[in-house]
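Here's work-v2.pdb, which has PDB, C-alpha atoms:
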```pdb
ATOM      1  CA  MET A   1       0.000   0.000   0.000
ATOM      2  CA  ALA A   2       1.215   3.498  -0.847
ATOM      3  CA  LEU A   3       2.020   5.823   2.045
ATOM      4  CA  ASP A   4      -0.346   8.794   1.976
ATOM      5  CA  THR A   5       1.019  12.287   2.503
ATOM      6  CA  PRO A   6      -0.697  13.055   5.860
ATOM      7  CA  THR A   7       0.669   9.866   7.445
ATOM      8  CA  ARG A   8       4.157  10.503   6.064
ATOM      9  CA  GLU A   9       4.088  14.005   7.497
ATOM     10  CA  ARG A  10       2.999  12.696  10.906
ATOM     11  CA  ILE A  11       5.870  10.184  10.932
ATOM     12  CA  GLU A  12       8.378  12.806   9.867
ATOM     13  CA  ALA A  13       7.118  15.147  12.592
ATOM     14  CA  LEU A  14       7.613  12.447  15.229
ATOM     15  CA  LEU A  15      11.142  11.735  14.014
ATOM     16  CA  ALA A  16      11.997  15.436  13.943
ATOM     17  CA  GLN A  17      10.633  15.997  17.447
ATOM     18  CA  HIS A  18      12.356  13.048  19.152
ATOM     19  CA  GLU A  19      15.930  11.865  18.693
ATOM     20  CA  VAL A  20      15.085   8.260  19.571
ATOM     21  CA  VAL A  21      11.726   6.786  18.587
ATOM     22  CA  LEU A  22      10.527   3.222  19.024
ATOM     23  CA  PHE A  23       7.407   2.269  17.080
ATOM     24  CA  MET A  24       6.030  -0.648  19.073
ATOM     25  CA  LYS A  25       2.970  -2.554  20.233
ATOM     26  CA  GLY A  26       2.047  -1.121  23.608
ATOM     27  CA  THR A  27       4.101   1.328  25.644
ATOM     28  CA  ARG A  28       7.452   1.349  27.383
ATOM     29  CA  GLN A  29       5.657   0.575  30.656
ATOM     30  CA  GLN A  30       3.306  -2.022  29.137
ATOM     31  CA  PRO A  31       4.609  -3.729  25.984
ATOM     32  CA  MET A  32       1.892  -5.719  24.255
ATOM     33  CA  CYS A  33       4.006  -8.302  22.432
ATOM     34  CA  GLY A  34       7.178 -10.242  23.154
ATOM     35  CA  PHE A  35       9.251  -8.508  20.475
ATOM     36  CA  SER A  36       8.286  -5.057  21.732
ATOM     37  CA  ALA A  37       9.041  -6.117  25.306
ATOM     38  CA  ALA A  38      12.467  -7.361  24.228
ATOM     39  CA  ALA A  39      13.186  -4.075  22.466
ATOM     40  CA  THR A  40      12.213  -1.922  25.452
ATOM     41  CA  ASN A  41      14.134  -4.128  27.893
ATOM     42  CA  THR A  42      17.235  -3.686  25.764
ATOM     43  CA  LEU A  43      16.829   0.067  25.296
ATOM     44  CA  ASN A  44      16.149   0.559  29.005
ATOM     45  CA  ASP A  45      19.631  -0.798  29.660
ATOM     46  CA  VAL A  46      21.354   1.636  27.323
ATOM     47  CA  VAL A  47      19.447   4.915  27.075
ATOM     48  CA  ASP A  48      17.394   6.828  29.668
ATOM     49  CA  GLN A  49      15.070   8.774  27.410
ATOM     50  CA  TYR A  50      13.341   7.596  24.272
ATOM     51  CA  HIS A  51       9.910   8.154  22.765
ATOM     52  CA  THR A  52       7.540   5.283  22.044
ATOM     53  CA  VAL A  53       4.622   5.201  19.628
ATOM     54  CA  ASN A  54       1.916   2.623  20.316
ATOM     55  CA  VAL A  55       0.932   1.461  16.842
ATOM     56  CA  LEU A  56      -1.989  -0.527  18.256
ATOM     57  CA  GLU A  57      -3.730   2.775  18.926
ATOM     58  CA  ASP A  58      -2.976   4.234  15.489
ATOM     59  CA  PRO A  59      -3.704   1.987  12.480
ATOM     60  CA  GLU A  60      -2.432   4.602  10.006
ATOM     61  CA  ILE A  61       0.947   4.792  11.720
ATOM     62  CA  ARG A  62       1.028   0.998  12.175
ATOM     63  CA  GLU A  63       0.838   0.407   8.425
ATOM     64  CA  GLY A  64       2.478   3.652   7.397
ATOM     65  CA  ILE A  65       5.728   3.098   9.281
ATOM     66  CA  LYS A  66       6.199  -0.207   7.461
ATOM     67  CA  GLU A  67       6.004   1.632   4.136
ATOM     68  CA  TYR A  68       8.041   4.612   5.337
ATOM     69  CA  GLY A  69      11.171   2.607   6.125
ATOM     70  CA  GLN A  70      10.400  -0.413   3.955
ATOM     71  CA  TRP A  71      10.566  -2.576   7.070
ATOM     72  CA  PRO A  72       7.745  -5.130   7.352
ATOM     73  CA  THR A  73       7.555  -5.752  11.107
ATOM     74  CA  ILE A  74       7.006  -4.000  14.438
ATOM     75  CA  PRO A  75       8.850  -2.851  16.559
ATOM     76  CA  GLN A  76      11.068  -0.429  14.667
ATOM     77  CA  LEU A  77      13.769   1.785  16.166
ATOM     78  CA  TYR A  78      14.705   5.153  14.664
ATOM     79  CA  VAL A  79      17.646   7.242  15.848
ATOM     80  CA  LYS A  80      18.078  10.799  14.548
ATOM     81  CA  GLY A  81      15.553  10.067  11.834
ATOM     82  CA  GLU A  82      17.331   6.960  10.562
ATOM     83  CA  LEU A  83      15.929   3.440  10.764
ATOM     84  CA  VAL A  84      18.087   1.161  12.913
ATOM     85  CA  GLY A  85      15.954  -1.960  12.642
ATOM     86  CA  GLY A  86      13.688  -4.297  14.553
ATOM     87  CA  SER A  87      13.973  -6.310  17.736
ATOM     88  CA  ASP A  88      16.582  -8.780  16.449
ATOM     89  CA  ILE A  89      18.895  -6.058  15.151
ATOM     90  CA  ILE A  90      18.515  -4.053  18.364
ATOM     91  CA  ARG A  91      19.550  -7.163  20.271
ATOM     92  CA  GLN A  92      22.528  -7.843  17.998
ATOM     93  CA  LEU A  93      23.793  -4.279  18.372
ATOM     94  CA  TYR A  94      23.300  -4.527  22.128
ATOM     95  CA  THR A  95      25.277  -7.735  22.622
ATOM     96  CA  SER A  96      28.115  -6.518  20.384
ATOM     97  CA  GLY A  97      28.341  -3.171  22.204
ATOM     98  CA  GLU A  98      27.488  -1.141  19.085
ATOM     99  CA  LEU A  99      24.216   0.079  20.611
ATOM    100  CA  TYR A 100      26.171   1.795  23.391
ATOM    101  CA  THR A 101      28.332   3.505  20.780
ATOM    102  CA  LEU A 102      25.247   4.588  18.864
ATOM    103  CA  PHE A 103      23.884   6.383  21.935
ATOM    104  CA  GLY A 104      27.241   7.600  23.223
ATOM    105  CA  SER A 105      26.863   5.489  26.359
ATOM    106  CA  THR A 106      29.700   3.907  28.320
ATOM    107  CA  PRO A 107      30.021   0.235  27.357
ATOM    108  CA  PRO A 108      29.511  -2.096  30.320
ATOM    109  CA  ASP A 109      32.179  -4.205  31.933
ATOM    110  CA  ARG A 110      32.297  -7.524  30.086
ATOM    111  CA  THR A 111      34.014  -9.428  32.889
ATOM    112  CA  PRO A 112      32.154 -12.747  33.393
ATOM    113  CA  PRO A 113      30.186 -12.582  36.654
ATOM    114  CA  GLU A 114      30.960 -14.841  39.579
ATOM    115  CA  ILE A 115      27.843 -16.873  40.347
ATOM    116  CA  THR A 116      26.966 -19.912  42.438
ATOM    117  CA  ILE A 117      24.986 -22.900  41.182
ATOM    118  CA  THR A 118      24.062 -25.383  43.905
ATOM    119  CA  GLU A 119      24.517 -29.087  43.336
ATOM    120  CA  LYS A 120      20.748 -29.638  43.139
ATOM    121  CA  ALA A 121      20.381 -26.899  40.554
ATOM    122  CA  ALA A 122      23.347 -28.182  38.556
ATOM    123  CA  GLU A 123      21.880 -31.691  38.510
ATOM    124  CA  ALA A 124      18.525 -30.361  37.281
ATOM    125  CA  ILE A 125      20.170 -28.217  34.610
ATOM    126  CA  ARG A 126      22.263 -31.122  33.343
ATOM    127  CA  GLY A 127      19.146 -33.246  33.101
ATOM    128  CA  GLY A 128      17.300 -30.530  31.236
ATOM    129  CA  MET A 129      20.162 -30.086  28.782
ATOM    130  CA  ALA A 130      20.669 -33.787  28.100
ATOM    131  CA  ASN A 131      19.052 -33.418  24.676
ATOM    132  CA  ALA A 132      19.981 -29.790  24.032
ATOM    133  CA  ASP A 133      21.697 -30.640  20.734
ATOM    134  CA  GLY A 134      24.516 -28.146  21.159
ATOM    135  CA  MET A 135      22.340 -25.327  22.434
ATOM    136  CA  ALA A 136      23.717 -23.036  25.144
ATOM    137  CA  LEU A 137      22.065 -22.122  28.432
ATOM    138  CA  HIS A 138      21.240 -18.406  28.491
ATOM    139  CA  LEU A 139      20.149 -16.447  31.552
ATOM    140  CA  GLU A 140      18.557 -13.062  30.965
ATOM    141  CA  ILE A 141      18.033 -10.742  33.942
ATOM    142  CA  GLY A 142      16.028  -7.628  33.137
ATOM    143  CA  PRO A 143      16.462  -4.139  34.599
ATOM    144  CA  ASP A 144      13.646  -4.949  37.050
ATOM    145  CA  HIS A 145      15.483  -8.181  37.998
ATOM    146  CA  SER A 146      12.973 -10.422  36.246
ATOM    147  CA  ALA A 147      14.901 -13.493  35.153
ATOM    148  CA  GLY A 148      14.475 -16.289  32.663
ATOM    149  CA  PHE A 149      16.490 -19.240  31.354
ATOM    150  CA  GLN A 150      16.381 -20.418  27.783
ATOM    151  CA  LEU A 151      18.233 -22.787  25.472
ATOM    152  CA  ALA A 152      19.476 -21.019  22.359
ATOM    153  CA  PRO A 153      22.510 -21.012  20.090
ATOM    154  CA  ALA A 154      25.632 -19.406  21.546
ATOM    155  CA  GLY A 155      26.189 -15.855  20.326
ATOM    156  CA  ASP A 156      29.478 -14.384  19.135
ATOM    157  CA  PHE A 157      29.340 -11.699  21.813
ATOM    158  CA  ASP A 158      27.929 -13.676  24.752
ATOM    159  CA  ILE A 159      29.536 -13.153  28.146
ATOM    160  CA  VAL A 160      30.135 -16.660  29.467
ATOM    161  CA  THR A 161      30.771 -17.879  32.987
ATOM    162  CA  VAL A 162      31.122 -21.404  34.399
ATOM    163  CA  ALA A 163      29.866 -22.499  37.828
ATOM    164  CA  ASN A 164      29.682 -26.064  39.147
ATOM    165  CA  GLY A 165      30.540 -27.312  35.672
ATOM    166  CA  ILE A 166      27.605 -25.444  34.080
ATOM    167  CA  GLU A 167      28.294 -22.904  31.336
ATOM    168  CA  VAL A 168      25.920 -19.917  31.434
ATOM    169  CA  HIS A 169      25.670 -17.251  28.714
ATOM    170  CA  PHE A 170      24.728 -13.620  29.424
ATOM    171  CA  ASP A 171      24.102 -10.402  27.562
ATOM    172  CA  PRO A 172      26.005  -7.334  28.886
ATOM    173  CA  GLY A 173      23.277  -6.026  31.190
ATOM    174  CA  SER A 174      22.369  -9.443  32.543
ATOM    175  CA  ALA A 175      26.031 -10.154  33.292
ATOM    176  CA  GLN A 176      26.212  -7.026  35.452
ATOM    177  CA  ARG A 177      23.055  -7.914  37.360
ATOM    178  CA  ALA A 178      24.122 -11.538  37.803
ATOM    179  CA  LYS A 179      27.142 -10.743  39.983
ATOM    180  CA  GLY A 180      26.963 -12.797  43.162
ATOM    181  CA  ILE A 181      23.671 -14.554  42.427
ATOM    182  CA  VAL A 182      22.916 -18.012  43.772
ATOM    183  CA  ILE A 183      20.993 -20.383  41.501
ATOM    184  CA  ASP A 184      19.248 -23.098  43.482
ATOM    185  CA  TRP A 185      16.637 -25.803  42.958
ATOM    186  CA  VAL A 186      13.727 -25.284  45.326
ATOM    187  CA  THR A 187      10.547 -27.106  46.238
ATOM    188  CA  THR A 188       7.441 -25.159  47.235
ATOM    189  CA  VAL A 189       3.762 -25.991  47.579
ATOM    190  CA  GLN A 190       3.404 -24.898  43.949
ATOM    191  CA  GLY A 191       6.049 -27.317  42.682
ATOM    192  CA  GLU A 192       9.761 -27.461  41.895
ATOM    193  CA  GLY A 193      11.984 -25.184  39.879
ATOM    194  CA  LEU A 194      15.104 -23.072  39.603
ATOM    195  CA  SER A 195      15.328 -20.081  41.917
ATOM    196  CA  LEU A 196      17.622 -17.039  41.818
ATOM    197  CA  LYS A 197      18.747 -15.237  44.949
ATOM    198  CA  PHE A 198      20.449 -11.880  44.540
ATOM    199  CA  PRO A 199      23.134 -10.647  46.933
ATOM    200  CA  GLY A 200      21.559  -8.954  49.939
ATOM    201  CA  ALA A 201      18.021  -9.871  48.909
ATOM    202  CA  VAL A 202      15.726 -10.677  51.823
ATOM    203  CA  GLU A 203      13.780 -13.877  52.180
ATOM    204  CA  ILE A 204      10.185 -13.712  50.986
ATOM    205  CA  GLY A 205       7.685 -14.286  53.777
ATOM    206  CA  THR A 206       4.398 -16.090  53.330
ATOM    207  CA  LEU A 207       0.876 -15.101  54.294
ATOM    208  CA  SER A 208      -2.197 -17.297  54.359
ATOM    209  CA  VAL A 209      -5.326 -15.656  52.988
ATOM    210  CA  HIS A 210      -6.634 -15.385  56.564
ATOM    211  CA  GLN A 211      -3.469 -13.598  57.654
ATOM    212  CA  LEU A 212      -3.806 -11.319  54.639
ATOM    213  CA  LYS A 213      -7.378 -10.483  55.633
ATOM    214  CA  ASP A 214      -6.210  -9.519  59.132
ATOM    215  CA  ARG A 215      -3.377  -7.367  57.778
ATOM    216  CA  LEU A 216      -5.685  -5.611  55.316
ATOM    217  CA  THR A 217      -8.180  -4.920  58.108
ATOM    218  CA  ALA A 218      -5.376  -3.470  60.230
ATOM    219  CA  GLY A 219      -4.253  -1.393  57.256
ATOM    220  CA  ASP A 220      -0.579  -2.162  57.823
ATOM    221  CA  ILE A 221       0.287  -3.723  54.475
ATOM    222  CA  VAL A 222       0.181  -2.802  50.769
ATOM    223  CA  LEU A 223      -1.400  -5.463  48.559
ATOM    224  CA  VAL A 224      -0.152  -5.751  44.972
ATOM    225  CA  ASP A 225      -2.254  -7.764  42.509
ATOM    226  CA  VAL A 226       0.039  -9.173  39.801
ATOM    227  CA  ARG A 227      -2.657 -10.939  37.760
ATOM    228  CA  PRO A 228      -3.150 -10.047  34.097
ATOM    229  CA  SER A 229      -6.240  -8.144  33.026
ATOM    230  CA  HIS A 230      -8.213 -11.228  31.935
ATOM    231  CA  GLY A 231      -7.906 -12.723  35.425
ATOM    232  CA  ARG A 232      -8.938  -9.473  37.098
ATOM    233  CA  ALA A 233     -11.925  -9.300  34.771
ATOM    234  CA  VAL A 234     -13.203 -12.609  36.150
ATOM    235  CA  ALA A 235     -12.387 -11.984  39.818
ATOM    236  CA  ALA A 236     -12.040  -8.307  40.658
ATOM    237  CA  PRO A 237      -9.031  -7.190  42.718
ATOM    238  CA  LEU A 238      -9.512  -6.916  46.460
ATOM    239  CA  ALA A 239     -10.432  -3.470  47.740
ATOM    240  CA  GLY A 240      -7.441  -1.153  47.844
ATOM    241  CA  ALA A 241      -5.097  -3.458  45.931
ATOM    242  CA  ARG A 242      -2.452  -1.848  43.758
ATOM    243  CA  ILE A 243      -2.448  -3.245  40.212
ATOM    244  CA  LEU A 244       1.029  -4.097  38.957
ATOM    245  CA  GLU A 245       0.009  -4.178  35.297
ATOM    246  CA  ASP A 246      -1.531  -0.694  35.516
ATOM    247  CA  GLU A 247       1.093   1.048  37.640
ATOM    248  CA  GLY A 248       4.244  -0.760  36.508
ATOM    249  CA  TYR A 249       7.310  -1.671  38.516
ATOM    250  CA  GLU A 250       8.786   1.814  38.374
ATOM    251  CA  ALA A 251       5.886   3.450  40.215
ATOM    252  CA  LEU A 252       5.701   0.778  42.898
ATOM    253  CA  ALA A 253       9.482   0.735  43.285
ATOM    254  CA  SER A 254       9.269   4.349  44.513
ATOM    255  CA  LEU A 255       7.625   3.161  47.746
ATOM    256  CA  PRO A 256       9.827   3.294  50.872
ATOM    257  CA  LYS A 257      12.011   0.198  50.985
ATOM    258  CA  ASP A 258      10.643  -0.867  54.383
ATOM    259  CA  THR A 259       6.999  -0.816  53.226
ATOM    260  CA  PRO A 260       5.306  -4.154  54.036
ATOM    261  CA  ILE A 261       4.056  -5.461  50.681
ATOM    262  CA  ALA A 262       2.032  -8.591  49.946
ATOM    263  CA  PHE A 263       1.772  -9.995  46.426
ATOM    264  CA  ILE A 264      -1.222 -11.946  45.176
ATOM    265  CA  CYS A 265      -1.935 -13.751  41.909
ATOM    266  CA  HIS A 266      -4.211 -16.596  40.830
ATOM    267  CA  HIS A 267      -2.552 -19.495  42.680
ATOM    268  CA  GLY A 268       0.497 -17.962  44.379
ATOM    269  CA  ILE A 269       3.169 -18.720  41.770
ATOM    270  CA  SER A 270       3.713 -15.558  39.698
ATOM    271  CA  SER A 271       3.216 -13.463  42.835
ATOM    272  CA  ARG A 272       6.314 -15.041  44.388
ATOM    273  CA  ALA A 273       8.332 -14.188  41.301
ATOM    274  CA  ALA A 274       7.125 -10.583  41.561
ATOM    275  CA  ALA A 275       8.097 -10.459  45.231
ATOM    276  CA  GLU A 276      11.581 -11.737  44.385
ATOM    277  CA  ARG A 277      12.013  -8.922  41.876
ATOM    278  CA  PHE A 278      11.196  -6.372  44.571
ATOM    279  CA  ALA A 279      13.576  -8.111  46.969
ATOM    280  CA  ALA A 280      16.366  -7.661  44.435
ATOM    281  CA  HIS A 281      15.659  -3.923  44.534
ATOM    282  CA  GLY A 282      16.215  -3.703  48.287
ATOM    283  CA  PHE A 283      12.701  -4.015  49.726
ATOM    284  CA  THR A 284      12.873  -5.593  53.168
ATOM    285  CA  SER A 285       9.324  -6.650  54.132
ATOM    286  CA  LEU A 286       7.814  -8.768  51.378
ATOM    287  CA  PHE A 287       5.196 -11.509  51.491
ATOM    288  CA  ASN A 288       3.677 -13.951  49.045
ATOM    289  CA  VAL A 289       0.004 -14.839  49.500
ATOM    290  CA  GLU A 290      -0.113 -18.622  49.452
ATOM    291  CA  GLY A 291      -2.838 -20.004  47.208
ATOM    292  CA  GLY A 292      -3.621 -16.591  45.732
ATOM    293  CA  MET A 293      -7.096 -15.446  44.777
ATOM    294  CA  ASP A 294      -8.223 -19.035  44.426
ATOM    295  CA  ALA A 295      -7.560 -19.640  48.124
ATOM    296  CA  TRP A 296      -9.247 -16.326  49.001
ATOM    297  CA  ALA A 297     -12.382 -17.480  47.158
ATOM    298  CA  ARG A 298     -12.310 -20.886  48.850
ATOM    299  CA  GLU A 299     -11.481 -19.848  52.391
ATOM    300  CA  VAL A 300     -12.427 -16.204  52.908
ATOM    301  CA  ASP A 301     -15.041 -14.951  50.451
ATOM    302  CA  PRO A 302     -17.024 -17.539  48.458
ATOM    303  CA  THR A 303     -18.711 -14.770  46.452
ATOM    304  CA  VAL A 304     -15.421 -14.240  44.588
ATOM    305  CA  PRO A 305     -15.569 -16.199  41.298
ATOM    306  CA  ARG A 306     -13.076 -19.032  40.856
ATOM    307  CA  TYR A 307     -11.491 -19.657  37.473
TER     308      TYR A 307
END
```

Show the structure stored in the file as structure tokens.
Amino acid sequence: MALDTPTRERIEALLAQHEVVLFMKGTRQQPMCGFSAAATNTLNDVVDQYHTVNVLEDPEIREGIKEYGQWPTIPQLYVKGELVGGSDIIRQLYTSGELYTLFGSTPPDRTPPEITITEKAAEAIRGGMANADGMALHLEIGPDHSAGFQLAPAGDFDIVTVANGIEVHFDPGSAQRAKGIVIDWVTTVQGEGLSLKFPGAVEIGTLSVHQLKDRLTAGDIVLVDVRPSHGRAVAAPLAGARILEDEGYEALASLPKDTPIAFICHHGISSRAAAERFAAHGFTSLFNVEGGMDAWAREVDPTVPRY
């Protein structure tokens, strides 16, 4: 489709007004697709200020930007009016260090981080990689300390460290945040899995739904609902709960570090992960609500829908 003049002029105005523009699905605070999330996570590591355009809210821009730069996919990064590329290219430039040069930022230290992998975790990882077919184990730790493992080909610019015989690959930002972490294999009421503990991070406490009810009545705790919108649409958040998806980590991270905070989700699994991210940022009084909203509906308020 041909790019009409009004849309071209709108795009050119955006590029003239902002030095760095990311055309994406969603916003910097709430990306609405995995590729856009990957792009913002990478940019957040390198540059403080950049402008985002949510193409989901603007069909003309969504189609027009593809024609403007002759680039068929979203997201798209522009710097000083020039197209840099999509999510994959942003990532390649990031791991090579070229993205730092592009923005005039100081390249990070590429010294492999010292980490600890417990024997239980190492045994589980070896079992999981038994049929990896030459793939490498990558650990990505985001700016908000969210973490995820994946098996993927080794990259030319990976930062690699070895602990307990396990080789772990990092990107530059993840390598910095990984310093001193302990990777363990833990068993909880929700099941088994790998767990990351950051240096100085506090232990996450637990609250039953009855204990949560008492704390909410006393008004001495902040409740953060980490469920996605479709879950909250079925069972509404408890009165006074802060909504992580709406406010974002940055807003909630501005709370005093000694604020007692409880995290609740559907069954008590993703809420623990959220609590661990806050612990990595220095919060000292954190609790996971065991059983989540499902337990609340079963044990405290049967009028709350279960799903």

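Once the PyMOL selection byres ((chain A and resi 52) around 6) is applied to this file, the selection holds Val21, Leu22, Phe23, His51 and Val53 of chain A.
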
List the neighbours of Ala124 (chain A) out to 9 Å using only C-alpha atoms; skip same-chain residues closer than 6 positions along the sequence, and give me the result as an NGL selection string. :A and (185 or 193-194)

Closest atom pairs, region 128-220 of chain A residues within 12 Å of region 298-306 of chain A, all atoms listed in the file, as JSON lines:
```
{"residue": "A:Ser208", "atom": "CA", "partner": "A:Glu299", "partner_atom": "CA", "distance": 9.8}
{"residue": "A:Val209", "atom": "CA", "partner": "A:Val300", "partner_atom": "CA", "distance": 7.1}
{"residue": "A:His210", "atom": "CA", "partner": "A:Val300", "partner_atom": "CA", "distance": 6.9}
{"residue": "A:Gln211", "atom": "CA", "partner": "A:Val300", "partner_atom": "CA", "distance": 10.5}
{"residue": "A:Leu212", "atom": "CA", "partner": "A:Val300", "partner_atom": "CA", "distance": 10.1}
{"residue": "A:Lys213", "atom": "CA", "partner": "A:Val300", "partner_atom": "CA", "distance": 8.1}
{"residue": "A:Asp214", "atom": "CA", "partner": "A:Val300", "partner_atom": "CA", "distance": 11.0}
```

Would you mind exporting C-alpha atoms of the selected residues as an mmCIF file, in the coordinates of the input?
```cif
data_model
loop_
_atom_site.group_PDB
_atom_site.id
_atom_site.type_symbol
_atom_site.label_atom_id
_atom_site.label_comp_id
_atom_site.auth_asym_id
_atom_site.auth_seq_id
_atom_site.Cartn_x
_atom_site.Cartn_y
_atom_site.Cartn_z
ATOM 1 C CA SER A 208 -2.197 -17.297 54.359
ATOM 2 C CA VAL A 209 -5.326 -15.656 52.988
ATOM 3 C CA HIS A 210 -6.634 -15.385 56.564
ATOM 4 C CA GLN A 211 -3.469 -13.598 57.654
ATOM 5 C CA LEU A 212 -3.806 -11.319 54.639
ATOM 6 C CA LYS A 213 -7.378 -10.483 55.633
ATOM 7 C CA ASP A 214 -6.210 -9.519 59.132
#
```

Which residues fall under the PyMOL selection byres ((chain A and resi 204-206) around 9) in this file, as a ChimeraX atom specification? /A:201-203,207-208,262,272,275-276,279,284-290

Write the residues you've just listed into a file as a short mmCIF file (atom, residue, chain, number, x, y, z; two decimals), in the coordinates of the input, and include C-alpha atoms for each of them.
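Once everything was written out, this is part_26.cif:
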```
data_model
loop_
_atom_site.label_atom_id
_atom_site.label_comp_id
_atom_site.auth_asym_id
_atom_site.auth_seq_id
_atom_site.Cartn_x
_atom_site.Cartn_y
_atom_site.Cartn_z
CA ALA A 201 18.02 -9.87 48.91
CA VAL A 202 15.73 -10.68 51.82
CA GLU A 203 13.78 -13.88 52.18
CA LEU A 207 0.88 -15.10 54.29
CA SER A 208 -2.20 -17.30 54.36
CA ALA A 262 2.03 -8.59 49.95
CA ARG A 272 6.31 -15.04 44.39
CA ALA A 275 8.10 -10.46 45.23
CA GLU A 276 11.58 -11.74 44.38
CA ALA A 279 13.58 -8.11 46.97
CA THR A 284 12.87 -5.59 53.17
CA SER A 285 9.32 -6.65 54.13
CA LEU A 286 7.81 -8.77 51.38
CA PHE A 287 5.20 -11.51 51.49
CA ASN A 288 3.68 -13.95 49.04
CA VAL A 289 0.00 -14.84 49.50
CA GLU A 290 -0.11 -18.62 49.45
#
```

With 12 Å as the cut-off and only C-alpha atoms counted, what is the closest atom pair between each nearby residue of region 98-188 of chain A and region 26-43 of chain A? Distances in Å to one decimal, ordered by chain and number, as JSON lines.
```
{"residue": "A:Leu99", "atom": "CA", "partner": "A:Leu43", "partner_atom": "CA", "distance": 8.7}
{"residue": "A:Tyr100", "atom": "CA", "partner": "A:Leu43", "partner_atom": "CA", "distance": 9.7}
{"residue": "A:Leu102", "atom": "CA", "partner": "A:Leu43", "partner_atom": "CA", "distance": 11.5}
{"residue": "A:Phe103", "atom": "CA", "partner": "A:Leu43", "partner_atom": "CA", "distance": 10.0}
{"residue": "A:Ser105", "atom": "CA", "partner": "A:Leu43", "partner_atom": "CA", "distance": 11.5}
{"residue": "A:Glu140", "atom": "CA", "partner": "A:Asn41", "partner_atom": "CA", "distance": 10.4}
{"residue": "A:Ile141", "atom": "CA", "partner": "A:Asn41", "partner_atom": "CA", "distance": 9.8}
{"residue": "A:Gly142", "atom": "CA", "partner": "A:Asn41", "partner_atom": "CA", "distance": 6.6}
{"residue": "A:Pro143", "atom": "CA", "partner": "A:Asn41", "partner_atom": "CA", "distance": 7.1}
{"residue": "A:Asp144", "atom": "CA", "partner": "A:Asn41", "partner_atom": "CA", "distance": 9.2}
{"residue": "A:His145", "atom": "CA", "partner": "A:Asn41", "partner_atom": "CA", "distance": 11.0}
{"residue": "A:Ser146", "atom": "CA", "partner": "A:Asn41", "partner_atom": "CA", "distance": 10.5}
{"residue": "A:Ala147", "atom": "CA", "partner": "A:Asn41", "partner_atom": "CA", "distance": 11.9}
{"residue": "A:Asp171", "atom": "CA", "partner": "A:Thr42", "partner_atom": "CA", "distance": 9.8}
{"residue": "A:Pro172", "atom": "CA", "partner": "A:Thr42", "partner_atom": "CA", "distance": 10.0}
{"residue": "A:Gly173", "atom": "CA", "partner": "A:Thr42", "partner_atom": "CA", "distance": 8.5}
{"residue": "A:Ser174", "atom": "CA", "partner": "A:Thr42", "partner_atom": "CA", "distance": 10.3}
```

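Counting all atoms listed in the file and comparing A:Ile166, A:Ala132, A:Asp184, A:Arg232, the residue that lies closest to Ala152 (chain A) is A:Ala132.
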
If I take CA of Arg177 (chain A) and CA of Glu114 (chain A), how far is one from the other in Å, to one decimal? 10.7 Å

Extract, using all atoms listed in the file, all DNA, RNA and protein residues at most 7 Å from Thr116 (chain A), discarding same-chain residues fewer than 6 positions from it, and format them as a PDB file with C-alpha atoms, in the frame of the given file.
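The new file selection27.pdb reads:
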```pdb
ATOM      1  CA  ALA A 163      29.866 -22.499  37.828  1.00  0.00           C
ATOM      2  CA  ILE A 181      23.671 -14.554  42.427  1.00  0.00           C
ATOM      3  CA  VAL A 182      22.916 -18.012  43.772  1.00  0.00           C
ATOM      4  CA  ILE A 183      20.993 -20.383  41.501  1.00  0.00           C
TER       5      ILE A 183
END
```

Applying 12 Å and all atoms listed in the file, which residues near Gly64 (chain A) remain after dropping the ones on its own chain fewer than 2 positions away? List them as a list in words. Met1, Ala2, Leu3, Asp4, Thr5, Pro6, Thr7, Arg8, Glu9, Arg10, Ile11, Glu12, Phe23, Val55, Asp58, Pro59, Glu60, Ile61, Arg62, Lys66, Glu67, Tyr68, Gly69, Gln70, Trp71, Pro72, Thr73, Ile74 and Gln76 of chain A

Those same residues, written as an mmCIF file, keeping the file's coordinate frame with C-alpha atoms?
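out.cif, freshly written:
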```
data_model
loop_
_atom_site.group_PDB
_atom_site.id
_atom_site.type_symbol
_atom_site.label_atom_id
_atom_site.label_comp_id
_atom_site.auth_asym_id
_atom_site.auth_seq_id
_atom_site.Cartn_x
_atom_site.Cartn_y
_atom_site.Cartn_z
ATOM 1 C CA MET A 1 0.000 0.000 0.000
ATOM 2 C CA ALA A 2 1.215 3.498 -0.847
ATOM 3 C CA LEU A 3 2.020 5.823 2.045
ATOM 4 C CA ASP A 4 -0.346 8.794 1.976
ATOM 5 C CA THR A 5 1.019 12.287 2.503
ATOM 6 C CA PRO A 6 -0.697 13.055 5.860
ATOM 7 C CA THR A 7 0.669 9.866 7.445
ATOM 8 C CA ARG A 8 4.157 10.503 6.064
ATOM 9 C CA GLU A 9 4.088 14.005 7.497
ATOM 10 C CA ARG A 10 2.999 12.696 10.906
ATOM 11 C CA ILE A 11 5.870 10.184 10.932
ATOM 12 C CA GLU A 12 8.378 12.806 9.867
ATOM 13 C CA PHE A 23 7.407 2.269 17.080
ATOM 14 C CA VAL A 55 0.932 1.461 16.842
ATOM 15 C CA ASP A 58 -2.976 4.234 15.489
ATOM 16 C CA PRO A 59 -3.704 1.987 12.480
ATOM 17 C CA GLU A 60 -2.432 4.602 10.006
ATOM 18 C CA ILE A 61 0.947 4.792 11.720
ATOM 19 C CA ARG A 62 1.028 0.998 12.175
ATOM 20 C CA LYS A 66 6.199 -0.207 7.461
ATOM 21 C CA GLU A 67 6.004 1.632 4.136
ATOM 22 C CA TYR A 68 8.041 4.612 5.337
ATOM 23 C CA GLY A 69 11.171 2.607 6.125
ATOM 24 C CA GLN A 70 10.400 -0.413 3.955
ATOM 25 C CA TRP A 71 10.566 -2.576 7.070
ATOM 26 C CA PRO A 72 7.745 -5.130 7.352
ATOM 27 C CA THR A 73 7.555 -5.752 11.107
ATOM 28 C CA ILE A 74 7.006 -4.000 14.438
ATOM 29 C CA GLN A 76 11.068 -0.429 14.667
#
```
